[in-house]
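Remarks on the structure that follows.
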Amino acid sequence: MAGAVVLGAEVPSGLNDSKKLSAKRRGVLDEQIRASCLWAVAVVEPEEIDRVNIFQATMLAMTRCVRDLAAQLPNDVGMVLIDGNQTPERRCEEWAWPARAIVGGDGIEPAISAASIVAKEWRDRMMIAAAAAHPHYGWERNKGYGTKEHMEALRIHGPTPLHRQSFAPVAQASLL
């Protein structure tokens, strides 16, 4: 999952790393960002992650996200700011924009904070929908993180089509 945002004229106040915000505050900011900014979200599905690996899938999600956001812009993309220490440049064939990686960028750069919030809220909504289809895994609570509850559900019920086969507990279960 990746998000990208071009801030509008009115920047929502209180932007920060999505992990440092309460769920309620994140939800409010998500609505404000999507109403006042240009934004895009990209998802790489589990089968594709298994095929290319988690790192390459992250680079691919960023590329797709920036591509979709760039299509909304009247002008060329200037500089893409990326949270982390690496960019998709020379790592993803389709990457076509100048980029700068910023470690801790989601807590420093407002556009990265906004993208972090939009992506996190989008992912949380996906996990809540997945929980309705697969109620044993607690996704509405753990949002897909490998909690004790989730690991126990994997052991008892096995993986779903939403699980990555390359996720160690799923891969180990398939060996049994």
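Chain labels A, B, ... are given in the sequence in which chains occur in the structure tokens; within each chain residues are numbered consecutively from 1, and ligands are likewise numbered from 1 in the order shown.
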Using only C-alpha atoms, which protein or nucleic acid residues come within 10 Å of A:Gly8? Drop anything in the same chain fewer than 4 positions from it, and give the result as an MDAnalysis selection string.
chainID A and resid 12 33:38 111
For the residues in that selection, give me all heavy atoms as a PDB file, in the first residue's frame.
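Final output, again-v3.pdb:
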ATOM      1  N   PRO A  12      -4.393  20.975   5.757  1.00  0.00           N
ATOM      2  CA  PRO A  12      -5.028  20.628   7.038  1.00  0.00           C
ATOM      3  C   PRO A  12      -4.025  20.772   8.191  1.00  0.00           C
ATOM      4  O   PRO A  12      -2.853  20.393   8.057  1.00  0.00           O
ATOM      5  CB  PRO A  12      -5.440  19.168   6.850  1.00  0.00           C
ATOM      6  CG  PRO A  12      -5.553  18.993   5.365  1.00  0.00           C
ATOM      7  CD  PRO A  12      -4.501  19.896   4.785  1.00  0.00           C
ATOM      8  N   ILE A  33      -7.897  15.884   3.949  1.00  0.00           N
ATOM      9  CA  ILE A  33      -6.883  15.742   2.898  1.00  0.00           C
ATOM     10  C   ILE A  33      -7.548  15.369   1.580  1.00  0.00           C
ATOM     11  O   ILE A  33      -7.286  15.997   0.532  1.00  0.00           O
ATOM     12  CB  ILE A  33      -5.828  14.680   3.288  1.00  0.00           C
ATOM     13  CG1 ILE A  33      -5.018  15.152   4.495  1.00  0.00           C
ATOM     14  CG2 ILE A  33      -4.918  14.345   2.105  1.00  0.00           C
ATOM     15  CD1 ILE A  33      -4.286  14.028   5.226  1.00  0.00           C
ATOM     16  N   ARG A  34      -8.417  14.372   1.600  1.00  0.00           N
ATOM     17  CA  ARG A  34      -9.049  13.926   0.358  1.00  0.00           C
ATOM     18  C   ARG A  34      -9.990  14.982  -0.228  1.00  0.00           C
ATOM     19  O   ARG A  34     -10.212  15.004  -1.426  1.00  0.00           O
ATOM     20  CB  ARG A  34      -9.753  12.587   0.566  1.00  0.00           C
ATOM     21  CG  ARG A  34      -8.730  11.460   0.753  1.00  0.00           C
ATOM     22  CD  ARG A  34      -9.309  10.055   0.808  1.00  0.00           C
ATOM     23  NE  ARG A  34     -10.187   9.850   1.941  1.00  0.00           N
ATOM     24  CZ  ARG A  34     -11.494   9.577   1.851  1.00  0.00           C
ATOM     25  NH1 ARG A  34     -12.069   9.471   0.679  1.00  0.00           N
ATOM     26  NH2 ARG A  34     -12.215   9.405   2.942  1.00  0.00           N
ATOM     27  N   ALA A  35     -10.491  15.889   0.627  1.00  0.00           N
ATOM     28  CA  ALA A  35     -11.376  16.952   0.140  1.00  0.00           C
ATOM     29  C   ALA A  35     -10.610  18.154  -0.411  1.00  0.00           C
ATOM     30  O   ALA A  35     -11.124  18.870  -1.281  1.00  0.00           O
ATOM     31  CB  ALA A  35     -12.304  17.411   1.267  1.00  0.00           C
ATOM     32  N   SER A  36      -9.387  18.380   0.068  1.00  0.00           N
ATOM     33  CA  SER A  36      -8.694  19.626  -0.291  1.00  0.00           C
ATOM     34  C   SER A  36      -7.384  19.435  -1.055  1.00  0.00           C
ATOM     35  O   SER A  36      -6.753  20.415  -1.426  1.00  0.00           O
ATOM     36  CB  SER A  36      -8.413  20.438   0.979  1.00  0.00           C
ATOM     37  OG  SER A  36      -7.499  19.755   1.817  1.00  0.00           O
ATOM     38  N   CYS A  37      -6.972  18.198  -1.277  1.00  0.00           N
ATOM     39  CA  CYS A  37      -5.681  17.927  -1.922  1.00  0.00           C
ATOM     40  C   CYS A  37      -5.872  16.950  -3.076  1.00  0.00           C
ATOM     41  O   CYS A  37      -6.883  16.254  -3.157  1.00  0.00           O
ATOM     42  CB  CYS A  37      -4.717  17.293  -0.909  1.00  0.00           C
ATOM     43  SG  CYS A  37      -4.445  18.263   0.584  1.00  0.00           S
ATOM     44  N   LEU A  38      -4.882  16.879  -3.930  1.00  0.00           N
ATOM     45  CA  LEU A  38      -4.846  15.806  -4.922  1.00  0.00           C
ATOM     46  C   LEU A  38      -4.184  14.610  -4.251  1.00  0.00           C
ATOM     47  O   LEU A  38      -3.188  14.766  -3.537  1.00  0.00           O
ATOM     48  CB  LEU A  38      -4.048  16.231  -6.153  1.00  0.00           C
ATOM     49  CG  LEU A  38      -4.641  17.370  -6.976  1.00  0.00           C
ATOM     50  CD1 LEU A  38      -3.706  17.719  -8.125  1.00  0.00           C
ATOM     51  CD2 LEU A  38      -6.018  17.006  -7.500  1.00  0.00           C
ATOM     52  N   ALA A 111       3.456  16.902   3.188  1.00  0.00           N
ATOM     53  CA  ALA A 111       2.894  16.105   2.085  1.00  0.00           C
ATOM     54  C   ALA A 111       3.081  14.611   2.352  1.00  0.00           C
ATOM     55  O   ALA A 111       2.195  13.805   2.036  1.00  0.00           O
ATOM     56  CB  ALA A 111       3.526  16.495   0.755  1.00  0.00           C
TER      57      ALA A 111
END
Using only C-alpha atoms, find each residue in stretch 96-160 of chain A having at least one atom no more than 12 Å away from stretch 66-69 of chain A; report its shortest atom-to-atom pair and that distance in Å (one decimal), rows by chain then rising number, as JSON lines.
{"residue": "A:Ala96", "atom": "CA", "partner": "A:Arg67", "partner_atom": "CA", "distance": 8.5}
{"residue": "A:Trp97", "atom": "CA", "partner": "A:Val66", "partner_atom": "CA", "distance": 8.6}
{"residue": "A:Pro98", "atom": "CA", "partner": "A:Val66", "partner_atom": "CA", "distance": 11.2}
{"residue": "A:Ala99", "atom": "CA", "partner": "A:Val66", "partner_atom": "CA", "distance": 10.7}
{"residue": "A:Ala115", "atom": "CA", "partner": "A:Val66", "partner_atom": "CA", "distance": 10.9}
For the residues selected in the previous step, produce a file with C-alpha atoms as a PDB file, in the first residue's frame.
ATOM      1  CA  ALA A  96       9.942   8.382 -14.161  1.00  0.00           C
ATOM      2  CA  TRP A  97      10.239  11.251 -11.672  1.00  0.00           C
ATOM      3  CA  PRO A  98      12.972  12.937  -9.661  1.00  0.00           C
ATOM      4  CA  ALA A  99      12.764  11.775  -6.057  1.00  0.00           C
ATOM      5  CA  ALA A 115       0.131  10.562   2.167  1.00  0.00           C
TER       6      ALA A 115
END
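In this comparison, which uses only C-alpha atoms, the residue of A:Gly84, A:Gly3, A:Pro161, A:Pro74 approaching A:Ala133 most closely is A:Pro161.
Here atom CA of A:Ala40 stands at a distance of 16.5 Å from atom CA of A:Gly78.
Comparing the minimum interatomic distances between A:Gln86 and each of A:Thr147, A:Asn16, A:Gln72, A:Thr58, counting only C-alpha atoms, we find that A:Thr58 sits nearest.
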Just the residues within 12 Å of A:Ala129, please, counting only C-alpha atoms, with nothing from its chain fewer than 4 positions along; format it as an MDAnalysis selection string.
chainID A and resid 122:125 133:135 138:141 143:144 162
Those residues you just picked out, can you put them in a file as a short mmCIF file (atom, residue, chain, number, x, y, z; two decimals), in the first residue's frame with N, CA, C and O atoms?
data_model
loop_
_atom_site.label_atom_id
_atom_site.label_comp_id
_atom_site.auth_asym_id
_atom_site.auth_seq_id
_atom_site.Cartn_x
_atom_site.Cartn_y
_atom_site.Cartn_z
N TRP A 122 -6.93 4.15 4.23
CA TRP A 122 -7.38 3.29 3.12
C TRP A 122 -7.15 1.83 3.50
O TRP A 122 -8.03 0.99 3.34
N ARG A 123 -5.96 1.54 4.01
CA ARG A 123 -5.62 0.17 4.41
C ARG A 123 -6.52 -0.30 5.55
O ARG A 123 -6.99 -1.43 5.54
N ASP A 124 -6.77 0.55 6.52
CA ASP A 124 -7.63 0.17 7.63
C ASP A 124 -9.04 -0.16 7.14
O ASP A 124 -9.65 -1.14 7.59
N ARG A 125 -9.56 0.61 6.18
CA ARG A 125 -10.88 0.30 5.61
C ARG A 125 -10.86 -1.04 4.88
O ARG A 125 -11.81 -1.81 4.95
N ALA A 133 -15.44 -10.54 5.68
CA ALA A 133 -15.39 -11.74 4.85
C ALA A 133 -14.68 -12.91 5.54
O ALA A 133 -14.97 -14.07 5.26
N HIS A 134 -13.74 -12.59 6.43
CA HIS A 134 -12.93 -13.61 7.11
C HIS A 134 -12.85 -13.25 8.60
O HIS A 134 -11.83 -12.75 9.08
N PRO A 135 -13.92 -13.50 9.35
CA PRO A 135 -14.02 -12.98 10.72
C PRO A 135 -13.07 -13.59 11.75
O PRO A 135 -12.87 -13.00 12.81
N GLY A 138 -9.47 -11.35 13.17
CA GLY A 138 -9.42 -10.12 13.96
C GLY A 138 -8.89 -8.91 13.21
O GLY A 138 -8.38 -7.97 13.81
N TRP A 139 -9.04 -8.91 11.89
CA TRP A 139 -8.46 -7.82 11.09
C TRP A 139 -9.05 -6.46 11.41
O TRP A 139 -8.39 -5.45 11.22
N GLU A 140 -10.29 -6.43 11.89
CA GLU A 140 -10.88 -5.14 12.25
C GLU A 140 -10.17 -4.54 13.46
O GLU A 140 -10.22 -3.34 13.68
N ARG A 141 -9.45 -5.37 14.22
CA ARG A 141 -8.70 -4.90 15.39
C ARG A 141 -7.20 -4.80 15.12
O ARG A 141 -6.56 -3.83 15.47
N LYS A 143 -5.62 -5.00 12.10
CA LYS A 143 -5.33 -4.40 10.79
C LYS A 143 -4.25 -5.17 10.01
O LYS A 143 -3.50 -4.62 9.23
N GLY A 144 -4.19 -6.49 10.25
CA GLY A 144 -3.30 -7.34 9.48
C GLY A 144 -1.94 -7.56 10.09
O GLY A 144 -1.12 -8.28 9.52
N LEU A 162 -6.19 -13.64 1.05
CA LEU A 162 -5.61 -12.33 1.37
C LEU A 162 -4.24 -12.45 2.03
O LEU A 162 -3.55 -11.44 2.18
#
Would you kindly return, as a PyMOL selection string, each protein, DNA or RNA residue with an atom no farther than 12 Å from any atom of A:Glu152, considering only C-alpha atoms and excluding same-chain residues fewer than 5 positions away?
chain A and resi 136-138+146-147+157-159+169-170+173
Saved selection, atoms kept: N, CA and C atoms, as a JSON list (two decimals), in the first residue's frame:
[["chain", "number", "residue", "atom", "x", "y", "z"],
["A", 136, "HIS", "N", -12.44, -14.70, 11.47],
["A", 136, "HIS", "CA", -11.62, -15.38, 12.47],
["A", 136, "HIS", "C", -10.29, -14.69, 12.78],
["A", 137, "TYR", "N", -9.86, -13.78, 11.93],
["A", 137, "TYR", "CA", -8.48, -13.25, 12.01],
["A", 137, "TYR", "C", -8.36, -11.95, 12.79],
["A", 138, "GLY", "N", -9.47, -11.35, 13.17],
["A", 138, "GLY", "CA", -9.42, -10.12, 13.96],
["A", 138, "GLY", "C", -8.89, -8.91, 13.21],
["A", 146, "GLY", "N", 0.69, -9.18, 12.68],
["A", 146, "GLY", "CA", 0.80, -10.54, 13.20],
["A", 146, "GLY", "C", 0.64, -10.64, 14.70],
["A", 147, "THR", "N", -0.54, -10.34, 15.20],
["A", 147, "THR", "CA", -0.80, -10.44, 16.63],
["A", 147, "THR", "C", -0.95, -11.91, 17.02],
["A", 157, "HIS", "N", -7.44, -21.98, 11.30],
["A", 157, "HIS", "CA", -8.26, -21.86, 10.08],
["A", 157, "HIS", "C", -7.45, -21.86, 8.79],
["A", 158, "GLY", "N", -6.13, -21.74, 8.91],
["A", 158, "GLY", "CA", -5.31, -21.68, 7.70],
["A", 158, "GLY", "C", -5.37, -20.32, 7.04],
["A", 159, "PRO", "N", -4.59, -20.13, 6.00],
["A", 159, "PRO", "CA", -4.56, -18.83, 5.32],
["A", 159, "PRO", "C", -5.78, -18.61, 4.42],
["A", 169, "PRO", "N", 4.70, -17.37, 8.69],
["A", 169, "PRO", "CA", 3.77, -18.33, 9.29],
["A", 169, "PRO", "C", 2.89, -19.05, 8.26],
["A", 170, "VAL", "N", 2.54, -18.39, 7.17],
["A", 170, "VAL", "CA", 1.76, -19.05, 6.13],
["A", 170, "VAL", "C", 2.62, -20.06, 5.39],
["A", 173, "ALA", "N", 3.15, -23.06, 7.60],
["A", 173, "ALA", "CA", 1.94, -23.87, 7.70],
["A", 173, "ALA", "C", 1.76, -24.75, 6.47]]
Residues of chain A in strand (DSSP E) according to DSSP, as a PyMOL selection string?
chain A and resi 2-6+38-42+80-83+99-102
Residues near A:Arg100, anyone? I mean within 10 Å using only C-alpha atoms, not counting same-chain ones fewer than 3 positions away, as an mmCIF file with N, CA and C atoms, in the first residue's frame.
data_model
loop_
_atom_site.group_PDB
_atom_site.id
_atom_site.type_symbol
_atom_site.label_atom_id
_atom_site.label_comp_id
_atom_site.auth_asym_id
_atom_site.auth_seq_id
_atom_site.Cartn_x
_atom_site.Cartn_y
_atom_site.Cartn_z
ATOM 1 N N MET A 79 9.467 17.371 -7.689
ATOM 2 C CA MET A 79 10.248 16.431 -6.885
ATOM 3 C C MET A 79 9.290 15.591 -6.054
ATOM 4 N N VAL A 80 9.473 14.284 -6.087
ATOM 5 C CA VAL A 80 8.673 13.382 -5.258
ATOM 6 C C VAL A 80 9.441 13.156 -3.964
ATOM 7 N N LEU A 81 8.801 13.473 -2.852
ATOM 8 C CA LEU A 81 9.396 13.247 -1.533
ATOM 9 C C LEU A 81 8.887 11.920 -1.008
ATOM 10 N N ILE A 82 9.813 11.068 -0.585
ATOM 11 C CA ILE A 82 9.471 9.709 -0.159
ATOM 12 C C ILE A 82 9.951 9.473 1.256
ATOM 13 N N ASP A 83 9.070 8.900 2.062
ATOM 14 C CA ASP A 83 9.430 8.524 3.426
ATOM 15 C C ASP A 83 10.335 7.295 3.372
ATOM 16 N N GLY A 84 11.496 7.390 3.977
ATOM 17 C CA GLY A 84 12.402 6.246 4.012
ATOM 18 C C GLY A 84 13.784 6.611 3.543
ATOM 19 N N ASN A 85 14.570 5.585 3.260
ATOM 20 C CA ASN A 85 15.952 5.836 2.849
ATOM 21 C C ASN A 85 16.230 5.406 1.409
ATOM 22 N N GLN A 86 15.187 4.982 0.682
ATOM 23 C CA GLN A 86 15.371 4.576 -0.706
ATOM 24 C C GLN A 86 14.174 5.026 -1.529
ATOM 25 N N THR A 87 14.415 5.234 -2.793
ATOM 26 C CA THR A 87 13.344 5.600 -3.715
ATOM 27 C C THR A 87 13.221 4.514 -4.784
ATOM 28 N N PRO A 88 12.144 4.522 -5.557
ATOM 29 C CA PRO A 88 12.013 3.555 -6.645
ATOM 30 C C PRO A 88 12.925 3.828 -7.844
ATOM 31 N N GLU A 89 13.592 4.975 -7.836
ATOM 32 C CA GLU A 89 14.500 5.311 -8.932
ATOM 33 C C GLU A 89 15.516 4.189 -9.120
ATOM 34 N N TRP A 97 10.252 9.923 -12.274
ATOM 35 C CA TRP A 97 10.239 11.251 -11.672
ATOM 36 C C TRP A 97 11.446 11.443 -10.770
ATOM 37 N N VAL A 103 14.391 10.107 5.577
ATOM 38 C CA VAL A 103 14.189 9.223 6.720
ATOM 39 C C VAL A 103 13.329 9.951 7.752
#
Quick one: residues within 12 Å of A:Phe55, only C-alpha atoms, excluding same-chain residues fewer than 4 positions away - as a PyMOL selection string?
chain A and resi 1+44+48-51+59-62+86-88+91-92
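Note that the spacing between atom CA of A:Ala132 and atom CA of A:Glu31 amounts to 23.2 Å.
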note - atom CA of A:Ala42 and atom CA of A:Ala119 are separated by 8.4 Å
Looking at only C-alpha atoms, which of A:Ala114, A:Ile156, A:Leu73, A:Val43 is the one that sits closest to A:Ser13?
A:Ala114
Enumerate the residues of stretch 37-169 of chain A with a DSSP assignment of alpha helix (DSSP H), computed from the backbone, and present them as JSON, numbers by chain.
{"A": [46, 47, 48, 49, 50, 51, 52, 54, 55, 56, 57, 58, 59, 60, 61, 62, 63, 64, 65, 66, 67, 68, 69, 70, 110, 111, 112, 113, 114, 115, 116, 117, 118, 119, 120, 121, 122, 123, 124, 125, 126, 127, 128, 129, 130, 131, 132, 133, 139, 140, 141, 142, 148, 149, 150, 151, 152, 153, 154, 155, 156, 157, 168, 169]}
